[in-house]
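Q: This is the structure I want to talk about, given as structure tokens.
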Amino acid sequence: MVDALSSVVPFAAGVAASPFPIVAVILVLFSRRARVNGPVFLVGWMAGLSVVVTVAYLVVDRLDRTSGDTAGMSWARLALGVALLIAAWRTWSSDSGPDGESEPPRWMAAAQETTPARVLGLAALLAANPKNLVLAAAAGAALAEMDPTPRATAAALGTFVLIGSAPSLAAVSYRTFGGDRSTARLESARSWLTLHHAAVLATLYLILGALLISAGLGRR
């Protein structure tokens with residue numbers, strides 16, 4: 001079981017390190033109905049991420065069992081790694097300004113003025129974004145290659161969701177129990193991530209893409 005858990009950790013950490021859900025949940029926590037919207041966002045994110053990683057694993061595992069070809073998994077790792085390298089380049093080149101900072105996405109401006117139902121949808125949408133799908137597929141490929149027991153598989157998928165949700169959970173908990181000092185610190189974190197999310201994402205995708213390509217080449 002330990003091997004199954006460790007196989008998904010790097011990709012779950014990639015999901016957790018993505019600035020978008022962190023910025024979104026902080027904005028939600030400063031909305032007019034923050035006490036409701038914060039937990040609702042967390043539920044939507046965890047539910048969406050659970051669906052994404054479970055479906056990704058089932059698809060990859062099905063393809064692996066159907067083909068029975070270990071080389072196919074190596075090529076899949078290489079393809080996912082290249083996809084992440086492309087994502088790193090596109091993120092940096094399209095979002096970075098001349099001063100190295102980037103413009104925030106449009107949805108950030110509206111995140112503070114929204115209803116719980118829309119917060120739920122926003123969280124699920126962020127969880128199912130294409131880059132998370134790539135990371136979930138990479139985690140699914142690593143897990144499927146090990147062929148773990150159903151119990152170990154469930155534990156690994158749950159670990160992926162928990163790690164991927166850790167920043168949102170921490171932000172909601174801190175805002176709820178942190179008192180007045182949490183306001184300034186969360187606002188500072190939001191401002192920094194809003195300005196530098198492109199650099200953070202590009203670095204993250206570059207590292208994970210390189211790891212996947214290295215793993216794919218090593219198993220060919």
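Chain labels run A, B, ... following the order of the structure tokens; each chain numbers its residues from 1, and ligands are numbered from 1 in the order shown.
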Can you tell me, as JSON, numbers by chain, what residues are no more than 9 Å from Ala210 of chain A when counting only C-alpha atoms, ignoring any on the same chain fewer than 6 positions away?
A: {"A": [81, 82, 84, 85]}
Q: Residues at most 8 Å from Pro116 of chain A, counting only C-alpha atoms, excluding those fewer than 5 positions away in the same chain, as a compact mmCIF listing (two decimals) with N, CA and C atoms, in the first residue's frame?
A:
# COMPACT_ATOMS: atom_id res chain seq x y z
N VAL A 36 -20.46 30.45 4.51
CA VAL A 36 -21.12 29.39 3.74
C VAL A 36 -20.29 29.05 2.50
N ASN A 37 -19.85 30.08 1.79
CA ASN A 37 -19.16 29.86 0.52
C ASN A 37 -17.83 29.13 0.66
N VAL A 40 -18.48 25.42 1.06
CA VAL A 40 -19.10 24.96 -0.19
C VAL A 40 -18.03 24.81 -1.27
N PHE A 41 -17.11 25.76 -1.35
CA PHE A 41 -16.02 25.67 -2.32
C PHE A 41 -15.20 24.41 -2.07
Q: State, in Å with one decimal place, the distance from atom CA of Leu201 of chain A to atom CA of Ala88 of chain A.
A: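 Those two atoms sit 6.9 Å apart.
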Q: Determine, counting only C-alpha atoms, which protein, DNA and RNA residues have an atom within 12 Å of an atom of Val59 of chain A; residues of the same chain fewer than 5 positions away are not included. Present the result as a PyMOL selection string.
A: chain A and resi 52-54+64-66+133+136-141+143-144
Q: Between atom CA of Gly14 of chain A and atom CA of Arg185 of chain A, what is the distance in Å, rounded to a tenth?
A: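 Between atom CA of Gly14 of chain A and atom CA of Arg185 of chain A the gap works out to 22.9 Å.
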Q: Do you know which residues are at most 10 Å from segment 117-124 of chain A counting only C-alpha atoms, after dropping those on the same chain fewer than 3 positions away, and could you put them as a list in words?
A: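 Non-adjacent residues within range: Pro21, Ala24, Val25, Val28, Val36, Asn37, Gly38, Pro39, Val40, Phe41, Leu42, Val43, Gly44, Trp45, Met46, Ala47, Gly48, Leu49, Ser50, Val51, Val52, Trp107, Ala111, Gln112, Glu113, Thr114, Ala127, Ala128 and Asn129 of chain A.
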Q: Emit the selected residues as a compact mmCIF listing (two decimals), in the first residue's frame, including N, CA and C atoms.
A:
# COMPACT_ATOMS: atom_id res chain seq x y z
N PRO A 21 -6.85 27.43 -7.59
CA PRO A 21 -7.82 27.13 -6.52
C PRO A 21 -7.51 27.86 -5.23
N ALA A 24 -8.78 31.33 -5.75
CA ALA A 24 -10.24 31.30 -5.79
C ALA A 24 -10.84 31.14 -4.40
N VAL A 25 -10.29 30.22 -3.61
CA VAL A 25 -10.87 29.99 -2.29
C VAL A 25 -10.64 31.20 -1.39
N VAL A 28 -13.22 33.71 -2.35
CA VAL A 28 -14.51 33.26 -1.83
C VAL A 28 -14.61 33.54 -0.33
N VAL A 36 -20.46 30.45 4.51
CA VAL A 36 -21.12 29.39 3.74
C VAL A 36 -20.29 29.05 2.50
N ASN A 37 -19.85 30.08 1.79
CA ASN A 37 -19.16 29.86 0.52
C ASN A 37 -17.83 29.13 0.66
N GLY A 38 -17.12 29.39 1.76
CA GLY A 38 -15.83 28.71 1.96
C GLY A 38 -15.97 27.20 2.01
N PRO A 39 -16.76 26.66 2.94
CA PRO A 39 -16.96 25.22 2.98
C PRO A 39 -17.58 24.65 1.70
N VAL A 40 -18.48 25.42 1.06
CA VAL A 40 -19.10 24.96 -0.19
C VAL A 40 -18.03 24.81 -1.27
N PHE A 41 -17.11 25.76 -1.35
CA PHE A 41 -16.02 25.67 -2.32
C PHE A 41 -15.20 24.41 -2.07
N LEU A 42 -14.89 24.16 -0.81
CA LEU A 42 -14.09 22.98 -0.46
C LEU A 42 -14.79 21.69 -0.86
N VAL A 43 -16.09 21.61 -0.62
CA VAL A 43 -16.85 20.42 -1.01
C VAL A 43 -16.84 20.24 -2.52
N GLY A 44 -17.07 21.34 -3.25
CA GLY A 44 -17.09 21.26 -4.71
C GLY A 44 -15.74 20.85 -5.28
N TRP A 45 -14.68 21.41 -4.72
CA TRP A 45 -13.33 21.08 -5.19
C TRP A 45 -13.01 19.60 -4.94
N MET A 46 -13.27 19.12 -3.73
CA MET A 46 -12.95 17.74 -3.40
C MET A 46 -13.80 16.75 -4.21
N ALA A 47 -15.06 17.10 -4.40
CA ALA A 47 -15.93 16.23 -5.20
C ALA A 47 -15.47 16.19 -6.66
N GLY A 48 -15.16 17.36 -7.21
CA GLY A 48 -14.69 17.42 -8.59
C GLY A 48 -13.38 16.69 -8.77
N LEU A 49 -12.45 16.88 -7.85
CA LEU A 49 -11.15 16.22 -7.95
C LEU A 49 -11.28 14.71 -7.79
N SER A 50 -12.20 14.27 -6.94
CA SER A 50 -12.45 12.84 -6.76
C SER A 50 -12.92 12.20 -8.06
N VAL A 51 -13.85 12.87 -8.73
CA VAL A 51 -14.36 12.36 -10.01
C VAL A 51 -13.25 12.32 -11.05
N VAL A 52 -12.47 13.40 -11.12
CA VAL A 52 -11.41 13.50 -12.13
C VAL A 52 -10.39 12.39 -11.97
N TRP A 107 -12.23 35.59 -14.14
CA TRP A 107 -13.16 35.07 -13.14
C TRP A 107 -12.79 35.53 -11.72
N ALA A 111 -15.34 36.46 -8.33
CA ALA A 111 -15.41 35.37 -7.35
C ALA A 111 -15.92 35.82 -5.99
N GLN A 112 -15.75 37.09 -5.67
CA GLN A 112 -16.17 37.58 -4.36
C GLN A 112 -17.66 37.92 -4.31
N GLU A 113 -18.29 38.03 -5.45
CA GLU A 113 -19.71 38.40 -5.50
C GLU A 113 -20.49 37.25 -6.14
N THR A 114 -20.70 36.19 -5.41
CA THR A 114 -21.34 35.02 -5.99
C THR A 114 -22.14 34.25 -4.95
N ALA A 127 -11.45 22.14 -10.51
CA ALA A 127 -10.91 20.81 -10.26
C ALA A 127 -10.78 20.00 -11.54
N ALA A 128 -11.66 20.26 -12.50
CA ALA A 128 -11.68 19.48 -13.74
C ALA A 128 -10.96 20.20 -14.88
N ASN A 129 -10.10 21.16 -14.57
CA ASN A 129 -9.41 21.87 -15.65
C ASN A 129 -8.43 20.93 -16.36
Q: To one decimal in Å, tell me the separation between atom CA of Ala155 of chain A and atom CA of Met1 of chain A.
A: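 It comes out at 7.9 Å.
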Q: Using only C-alpha atoms, which residue out of A:Val134, A:Met146, A:Ala34, A:Thr176 lies closest to Arg77 of chain A?
A: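 Closest candidate: A:Val134.
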